[in-house]
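> File follows, work.json with JSON, C-alpha atoms:
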```json
[["chain", "number", "residue", "atom", "x", "y", "z"],
["A", 1, "MET", "CA", -19.03, 2.81, -33.86],
["A", 2, "ARG", "CA", -17.93, 4.78, -30.81],
["A", 3, "ASN", "CA", -16.19, 2.97, -28.00],
["A", 4, "MET", "CA", -18.15, 2.35, -24.87],
["A", 5, "LEU", "CA", -17.65, 0.52, -21.66],
["A", 6, "LYS", "CA", -20.08, -2.25, -20.85],
["A", 7, "TYR", "CA", -20.25, -4.22, -17.64],
["A", 8, "VAL", "CA", -21.32, -7.80, -17.13],
["A", 9, "GLY", "CA", -21.87, -8.03, -13.42],
["A", 10, "TYR", "CA", -19.87, -7.18, -10.35],
["A", 11, "ASP", "CA", -18.96, -8.88, -7.11],
["A", 12, "ILE", "CA", -17.22, -8.25, -3.81],
["A", 13, "VAL", "CA", -13.77, -9.88, -3.88],
["A", 14, "PHE", "CA", -10.91, -10.12, -1.40],
["A", 15, "GLN", "CA", -7.88, -11.19, -3.44],
["A", 16, "GLU", "CA", -7.61, -8.70, -6.33],
["A", 17, "ILE", "CA", -6.15, -5.80, -4.32],
["A", 18, "PRO", "CA", -4.10, -6.63, -1.20],
["A", 19, "ASP", "CA", -5.68, -5.56, 2.10],
["A", 20, "GLU", "CA", -8.81, -4.19, 0.38],
["A", 21, "THR", "CA", -12.41, -5.37, 0.20],
["A", 22, "THR", "CA", -13.00, -4.74, -3.47],
["A", 23, "LEU", "CA", -16.02, -4.33, -5.68],
["A", 24, "ALA", "CA", -14.82, -5.86, -8.96],
["A", 25, "ILE", "CA", -16.75, -4.65, -12.01],
["A", 26, "ASN", "CA", -16.37, -7.00, -14.99],
["A", 27, "LEU", "CA", -16.10, -5.07, -18.26],
["A", 28, "SER", "CA", -16.83, -6.68, -21.63],
["A", 29, "LEU", "CA", -15.57, -5.83, -25.14],
["A", 30, "CYS", "CA", -12.06, -6.93, -24.18],
["A", 31, "PRO", "CA", -9.78, -6.70, -27.23],
["A", 32, "ASN", "CA", -6.96, -8.80, -25.74],
["A", 33, "HIS", "CA", -8.17, -12.42, -26.20],
["A", 34, "CYS", "CA", -5.52, -13.80, -23.83],
["A", 35, "LYS", "CA", -4.88, -17.51, -24.21],
["A", 36, "GLY", "CA", -6.22, -19.26, -21.12],
["A", 37, "CYS", "CA", -8.37, -16.29, -20.05],
["A", 38, "HIS", "CA", -10.61, -17.26, -17.12],
["A", 39, "SER", "CA", -13.48, -15.10, -18.48],
["A", 40, "PRO", "CA", -13.45, -15.37, -22.29],
["A", 41, "TYR", "CA", -17.09, -14.23, -22.48],
["A", 42, "LEU", "CA", -15.81, -10.74, -21.56],
["A", 43, "CYS", "CA", -14.38, -10.46, -25.09],
["A", 44, "GLU", "CA", -17.96, -10.39, -26.38],
["A", 45, "ASP", "CA", -20.22, -7.37, -26.84],
["A", 46, "ARG", "CA", -22.53, -7.96, -23.91],
["A", 47, "GLY", "CA", -23.83, -6.27, -20.81],
["A", 48, "ASN", "CA", -25.02, -2.77, -20.02],
["A", 49, "GLU", "CA", -23.25, 0.50, -20.69],
["A", 50, "LEU", "CA", -21.20, 1.68, -17.72],
["A", 51, "THR", "CA", -22.02, 5.36, -17.44],
["A", 52, "ALA", "CA", -21.26, 7.64, -14.51],
["A", 53, "LYS", "CA", -24.89, 7.33, -13.39],
["A", 54, "ALA", "CA", -24.83, 3.52, -13.63],
["A", 55, "LEU", "CA", -21.60, 3.52, -11.64],
["A", 56, "ASP", "CA", -23.07, 5.85, -8.99],
["A", 57, "ASP", "CA", -26.13, 3.62, -8.65],
["A", 58, "MET", "CA", -23.95, 0.53, -8.38],
["A", 59, "VAL", "CA", -21.41, 1.71, -5.82],
["A", 60, "SER", "CA", -23.70, 3.80, -3.60],
["A", 61, "GLY", "CA", -25.10, 0.58, -2.15],
["A", 62, "PHE", "CA", -21.61, -0.51, -1.08],
["A", 63, "THR", "CA", -20.52, 2.57, 0.87],
["A", 64, "GLY", "CA", -18.98, 1.32, 4.10],
["A", 65, "GLU", "CA", -18.85, -2.27, 2.82],
["A", 66, "VAL", "CA", -16.05, -2.04, 0.26],
["A", 67, "THR", "CA", -12.85, -0.02, 0.29],
["A", 68, "CYS", "CA", -11.88, -0.25, -3.37],
["A", 69, "ILE", "CA", -13.61, -0.21, -6.76],
["A", 70, "CYS", "CA", -11.74, -2.22, -9.41],
["A", 71, "PHE", "CA", -12.49, -2.05, -13.12],
["A", 72, "MET", "CA", -11.72, -5.51, -14.49],
["A", 73, "GLY", "CA", -10.95, -4.75, -18.14],
["A", 74, "GLY", "CA", -11.83, -1.77, -20.24],
["A", 75, "ASP", "CA", -8.83, -2.02, -22.54],
["A", 76, "ASN", "CA", -11.10, -0.99, -25.41],
["A", 77, "ASP", "CA", -11.27, 2.53, -23.88],
["A", 78, "PRO", "CA", -8.76, 3.19, -21.06],
["A", 79, "GLN", "CA", -9.51, 6.93, -21.07],
["A", 80, "LYS", "CA", -13.15, 6.21, -20.17],
["A", 81, "VAL", "CA", -12.03, 3.88, -17.38],
["A", 82, "ALA", "CA", -9.81, 6.67, -16.02],
["A", 83, "ALA", "CA", -12.67, 9.18, -16.33],
["A", 84, "LEU", "CA", -14.93, 6.89, -14.28],
["A", 85, "ALA", "CA", -12.20, 6.46, -11.65],
["A", 86, "ARG", "CA", -11.85, 10.25, -11.42],
["A", 87, "HIS", "CA", -15.63, 10.48, -11.15],
["A", 88, "LEU", "CA", -15.57, 8.13, -8.14],
["A", 89, "HIS", "CA", -12.92, 10.24, -6.40],
["A", 90, "GLU", "CA", -14.94, 13.41, -7.03],
["A", 91, "HIS", "CA", -18.41, 12.09, -6.15],
["A", 92, "PHE", "CA", -17.44, 9.74, -3.31],
["A", 93, "PRO", "CA", -14.44, 11.60, -1.82],
["A", 94, "GLY", "CA", -12.36, 9.44, 0.49],
["A", 95, "GLN", "CA", -14.80, 6.53, 0.35],
["A", 96, "PHE", "CA", -13.18, 4.28, -2.24],
["A", 97, "LEU", "CA", -9.74, 3.55, -3.62],
["A", 98, "THR", "CA", -9.74, 2.88, -7.36],
["A", 99, "ALA", "CA", -8.05, 0.13, -9.33],
["A", 100, "TRP", "CA", -7.82, -1.05, -12.91],
["A", 101, "TYR", "CA", -6.93, -4.52, -14.18],
["A", 102, "SER", "CA", -5.62, -4.25, -17.73],
["A", 103, "GLY", "CA", -4.44, -7.07, -19.96],
["A", 104, "LYS", "CA", -2.09, -4.75, -21.83],
["A", 105, "PRO", "CA", 1.66, -5.06, -21.14],
["A", 106, "ASP", "CA", 2.19, -1.32, -20.58],
["A", 107, "PHE", "CA", 0.34, 1.80, -19.54],
["A", 108, "PRO", "CA", -1.61, 3.27, -22.47],
["A", 109, "GLU", "CA", -0.22, 6.40, -24.07],
["A", 110, "ASP", "CA", -1.48, 9.62, -22.40],
["A", 111, "PHE", "CA", -3.02, 7.56, -19.60],
["A", 112, "ASP", "CA", -4.11, 9.35, -16.41],
["A", 113, "ARG", "CA", -2.40, 7.25, -13.74],
["A", 114, "ALA", "CA", -3.41, 9.76, -11.07],
["A", 115, "ALA", "CA", -7.03, 8.59, -11.45],
["A", 116, "PHE", "CA", -6.05, 5.29, -9.83],
["A", 117, "ASP", "CA", -4.59, 3.97, -6.62],
["A", 118, "PHE", "CA", -3.69, 0.60, -8.19],
["A", 119, "VAL", "CA", -3.13, -0.66, -11.73],
["A", 120, "LYS", "CA", -2.51, -4.27, -12.77],
["A", 121, "LEU", "CA", -0.81, -4.65, -16.14],
["A", 122, "GLY", "CA", -0.06, -7.68, -18.26],
["A", 123, "PRO", "CA", -1.84, -10.33, -20.25],
["A", 124, "TYR", "CA", -2.38, -13.69, -18.66],
["A", 125, "LEU", "CA", 0.28, -16.06, -20.04],
["A", 126, "PRO", "CA", -0.42, -19.66, -18.96],
["A", 127, "GLU", "CA", 3.28, -20.56, -19.01],
["A", 128, "LYS", "CA", 4.06, -17.67, -16.63],
["A", 129, "GLY", "CA", 1.15, -18.20, -14.27],
["A", 130, "PRO", "CA", -1.18, -15.79, -12.45],
["A", 131, "LEU", "CA", -0.30, -12.94, -10.08],
["A", 132, "ASN", "CA", 0.17, -15.29, -7.12],
["A", 133, "LYS", "CA", 3.13, -17.04, -8.80],
["A", 134, "PRO", "CA", 6.60, -15.47, -8.67],
["A", 135, "THR", "CA", 7.03, -16.44, -12.35],
["A", 136, "THR", "CA", 4.14, -14.21, -13.48],
["A", 137, "ASN", "CA", 4.62, -11.56, -16.13],
["A", 138, "GLN", "CA", 1.71, -9.56, -14.67],
["A", 139, "ARG", "CA", 2.41, -6.68, -12.31],
["A", 140, "LEU", "CA", 0.31, -4.84, -9.74],
["A", 141, "TYR", "CA", 1.38, -1.26, -9.12],
["A", 142, "ARG", "CA", 0.45, 1.08, -6.31],
["A", 143, "ILE", "CA", 0.27, 4.53, -7.88],
["A", 144, "MET", "CA", 2.08, 6.86, -5.52],
["A", 145, "PRO", "CA", 1.06, 10.49, -4.84],
["A", 146, "ASP", "CA", 4.02, 11.74, -6.89],
["A", 147, "GLY", "CA", 2.82, 9.71, -9.91],
["A", 148, "THR", "CA", 5.45, 6.99, -9.69],
["A", 149, "ASN", "CA", 4.60, 3.29, -9.63],
["A", 150, "ALA", "CA", 5.50, 1.01, -6.75],
["A", 151, "ASP", "CA", 5.50, -2.64, -7.86],
["A", 152, "ILE", "CA", 3.62, -4.54, -5.14],
["A", 153, "THR", "CA", 3.15, -7.79, -7.07],
["A", 154, "ASP", "CA", 5.10, -9.74, -4.47],
["A", 155, "ARG", "CA", 2.26, -9.11, -2.00],
["A", 156, "PHE", "CA", 0.43, -11.95, -3.78],
["A", 157, "TRP", "CA", 3.21, -14.47, -3.27],
["A", 158, "ARG", "CA", 2.93, -16.73, -0.27],
["A", 159, "LYS", "CA", 6.08, -16.54, 1.79]]
```
If you took the structure in this file and wrote it as structure tokens, what would it be?

Amino acid sequence: MRNMLKYVGYDIVFQEIPDETTLAINLSLCPNHCKGCHSPYLCEDRGNELTAKALDDMVSGFTGEVTCICFMGGDNDPQKVAALARHLHEHFPGQFLTAWYSGKPDFPEDFDRAAFDFVKLGPYLPEKGPLNKPTTNQRLYRIMPDGTNADITDRFWRK
């Protein structure tokens, strides 16, 4: 069976990417099965296929309302997630930043970081806590124009 991306809803959120009003698209078929996952149903094979056309239809209604599109999951096919992020940059130039929340501990091999403005890496580990705890193992990176990663995780921590 070929890999595909499926989405199970989306919502406007304000805490996933600092300073951005984000359309978070929940992707199913998650292979990670993190202990304590807040959305375990996303490990199931459910939802509709997320194609470029489906993505266009979804985000076109949010132009001017959101500043960032975040793919929540997609670890079953990171190259397709990157292709969709590139698609957004090409078909909606300058309208949306792109982000990817992955439960994997590292960037996938041969991954196109340049397709994204932000990438969150790391499985949820209950003993380490979520992104808003300084003890977290998860990291949010701002992908810089030169391709390097700037760790901005501390933006979630209340000072």
> Taking into account all atoms listed in the file, which residue in the set A:Gly122, A:Pro130, A:Gly47, A:Gly61 is nearest to Asn26 of chain A?
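For Asn26 of chain A, the nearest of the candidates is A:Gly47.
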> Just give me the gap between atom CA of Arg142 of chain A and atom CA of Asn76 of chain A in Å, one decimal is fine.
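These atoms are spaced 22.4 Å apart.
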> I'd like the neighbourhood of segment 89-103 of chain A as a VMD selection string, where a residue qualifies if any of its atoms comes within 9 Å (using all atoms listed in the file), though same-chain residues fewer than 6 positions away should be ignored.
chain A and resid 16 to 17 20 22 30 32 34 56 60 63 to 64 66 to 75 78 81 to 82 115 to 124 138 140
> With all atoms listed in the file as the atoms that count, which of A:Gln79, A:Gln15, A:Ser39, A:Asn3 lies nearest to Leu131 of chain A?
A:Gln15
> With a distance cut-off of 7 Å and all atoms listed in the file, select the neighbouring residues of Leu42 of chain A, excluding the residue or stretch itself and same-chain residues fewer than 6 positions from it, and output the selection as a list of chain:residue names.
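That gives A:Leu27, A:Ser28, A:Leu29, A:Cys30.
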> Let's have the selection written as a PDB file, keeping the file's coordinate frame, with C-alpha atoms.

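Dumped to result_35.pdb:
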```pdb
ATOM      1  CA  LEU A  27     -16.100  -5.070 -18.260  1.00  0.00           C
ATOM      2  CA  SER A  28     -16.830  -6.680 -21.630  1.00  0.00           C
ATOM      3  CA  LEU A  29     -15.570  -5.830 -25.140  1.00  0.00           C
ATOM      4  CA  CYS A  30     -12.060  -6.930 -24.180  1.00  0.00           C
TER       5      CYS A  30
END
```
> Calculate how many Å separate atom CA of Leu55 of chain A from atom CA of Lys104 of chain A, rounding to one decimal.
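About the pair atom CA of Leu55 of chain A and atom CA of Lys104 of chain A: they are 23.5 Å apart.
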> Here is a test: counting only C-alpha atoms, which residue of A:Pro18, A:Arg113, A:Tyr141, A:Ala54 is nearest to Phe156 of chain A?
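Closest candidate: A:Pro18.
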> Of the candidates A:Asp112, A:Ala24, A:Cys43, A:Gly129, which one gets nearest to Thr148 of chain A if we count only C-alpha atoms?
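Counting only C-alpha atoms, the residue closest to Thr148 of chain A is A:Asp112.
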> Using the partial input, fill out segment 34-70 of chain A with N, CA and C atoms; write the result as a CSV table (one decimal), keeping the file's coordinate frame.

```
chain,number,residue,atom,x,y,z
A,34,CYS,N,-6.7,-13.1,-24.4
A,34,CYS,CA,-5.5,-13.8,-23.8
A,34,CYS,C,-5.8,-15.3,-23.8
A,35,LYS,N,-4.8,-16.1,-24.2
A,35,LYS,CA,-4.9,-17.5,-24.2
A,35,LYS,C,-5.0,-17.9,-22.8
A,36,GLY,N,-6.0,-18.8,-22.5
A,36,GLY,CA,-6.2,-19.3,-21.1
A,36,GLY,C,-7.0,-18.3,-20.2
A,37,CYS,N,-7.6,-17.3,-20.8
A,37,CYS,CA,-8.4,-16.3,-20.0
A,37,CYS,C,-9.4,-17.0,-19.2
A,38,HIS,N,-9.6,-16.6,-18.0
A,38,HIS,CA,-10.6,-17.3,-17.1
A,38,HIS,C,-12.0,-16.7,-17.4
A,39,SER,N,-12.2,-15.7,-18.2
A,39,SER,CA,-13.5,-15.1,-18.5
A,39,SER,C,-13.6,-14.7,-20.0
A,40,PRO,N,-13.5,-15.7,-20.9
A,40,PRO,CA,-13.4,-15.4,-22.3
A,40,PRO,C,-14.7,-14.7,-22.8
A,41,TYR,N,-15.8,-14.9,-22.1
A,41,TYR,CA,-17.1,-14.2,-22.5
A,41,TYR,C,-17.0,-12.7,-22.4
A,42,LEU,N,-16.0,-12.2,-21.7
A,42,LEU,CA,-15.8,-10.7,-21.6
A,42,LEU,C,-15.2,-10.1,-22.8
A,43,CYS,N,-14.8,-11.0,-23.8
A,43,CYS,CA,-14.4,-10.5,-25.1
A,43,CYS,C,-15.6,-10.1,-26.0
A,44,GLU,N,-16.7,-10.6,-25.6
A,44,GLU,CA,-18.0,-10.4,-26.4
A,44,GLU,C,-18.6,-9.0,-26.1
A,45,ASP,N,-19.5,-8.6,-27.0
A,45,ASP,CA,-20.2,-7.4,-26.8
A,45,ASP,C,-21.5,-7.7,-26.1
A,46,ARG,N,-21.4,-7.6,-24.7
A,46,ARG,CA,-22.5,-8.0,-23.9
A,46,ARG,C,-22.6,-7.1,-22.7
A,47,GLY,N,-23.7,-7.0,-22.0
A,47,GLY,CA,-23.8,-6.3,-20.8
A,47,GLY,C,-24.5,-4.9,-21.0
A,48,ASN,N,-24.4,-4.1,-20.0
A,48,ASN,CA,-25.0,-2.8,-20.0
A,48,ASN,C,-23.9,-1.7,-20.0
A,49,GLU,N,-24.2,-0.6,-20.6
A,49,GLU,CA,-23.2,0.5,-20.7
A,49,GLU,C,-22.9,1.0,-19.3
A,50,LEU,N,-21.6,1.2,-19.0
A,50,LEU,CA,-21.2,1.7,-17.7
A,50,LEU,C,-21.0,3.2,-17.8
A,51,THR,N,-22.0,3.9,-17.5
A,51,THR,CA,-22.0,5.4,-17.4
A,51,THR,C,-21.7,5.8,-16.0
A,52,ALA,N,-21.5,7.1,-15.9
A,52,ALA,CA,-21.3,7.6,-14.5
A,52,ALA,C,-22.5,7.4,-13.6
A,53,LYS,N,-23.7,7.6,-14.2
A,53,LYS,CA,-24.9,7.3,-13.4
A,53,LYS,C,-25.0,5.9,-13.0
A,54,ALA,N,-24.8,5.0,-13.9
A,54,ALA,CA,-24.8,3.5,-13.6
A,54,ALA,C,-23.8,3.2,-12.5
A,55,LEU,N,-22.6,3.8,-12.6
A,55,LEU,CA,-21.6,3.5,-11.6
A,55,LEU,C,-22.0,4.1,-10.3
A,56,ASP,N,-22.6,5.3,-10.2
A,56,ASP,CA,-23.1,5.8,-9.0
A,56,ASP,C,-24.1,4.9,-8.4
A,57,ASP,N,-25.1,4.5,-9.2
A,57,ASP,CA,-26.1,3.6,-8.6
A,57,ASP,C,-25.5,2.3,-8.1
A,58,MET,N,-24.6,1.8,-8.8
A,58,MET,CA,-24.0,0.5,-8.4
A,58,MET,C,-23.2,0.7,-7.1
A,59,VAL,N,-22.3,1.6,-7.0
A,59,VAL,CA,-21.4,1.7,-5.8
A,59,VAL,C,-22.1,2.3,-4.6
A,60,SER,N,-23.1,3.1,-4.8
A,60,SER,CA,-23.7,3.8,-3.6
A,60,SER,C,-24.2,2.8,-2.6
A,61,GLY,N,-24.6,1.6,-3.1
A,61,GLY,CA,-25.1,0.6,-2.2
A,61,GLY,C,-24.0,-0.1,-1.4
A,62,PHE,N,-22.7,0.2,-1.7
A,62,PHE,CA,-21.6,-0.5,-1.1
A,62,PHE,C,-20.8,0.4,-0.2
A,63,THR,N,-21.2,1.7,0.0
A,63,THR,CA,-20.5,2.6,0.9
A,63,THR,C,-20.4,2.0,2.3
A,64,GLY,N,-19.2,1.9,2.8
A,64,GLY,CA,-19.0,1.3,4.1
A,64,GLY,C,-18.7,-0.2,4.1
A,65,GLU,N,-19.1,-0.8,2.9
A,65,GLU,CA,-18.8,-2.3,2.8
A,65,GLU,C,-17.6,-2.6,2.1
A,66,VAL,N,-17.3,-1.8,1.0
A,66,VAL,CA,-16.0,-2.0,0.3
A,66,VAL,C,-15.1,-0.8,0.4
A,67,THR,N,-13.8,-1.1,0.2
A,67,THR,CA,-12.8,0.0,0.3
A,67,THR,C,-12.2,0.3,-1.0
A,68,CYS,N,-12.5,-0.5,-2.1
A,68,CYS,CA,-11.9,-0.2,-3.4
A,68,CYS,C,-12.9,-0.6,-4.5
A,69,ILE,N,-12.8,0.1,-5.6
A,69,ILE,CA,-13.6,-0.2,-6.8
A,69,ILE,C,-12.6,-0.5,-7.8
A,70,CYS,N,-12.7,-1.8,-8.4
A,70,CYS,CA,-11.7,-2.2,-9.4
A,70,CYS,C,-12.4,-2.5,-10.7
```
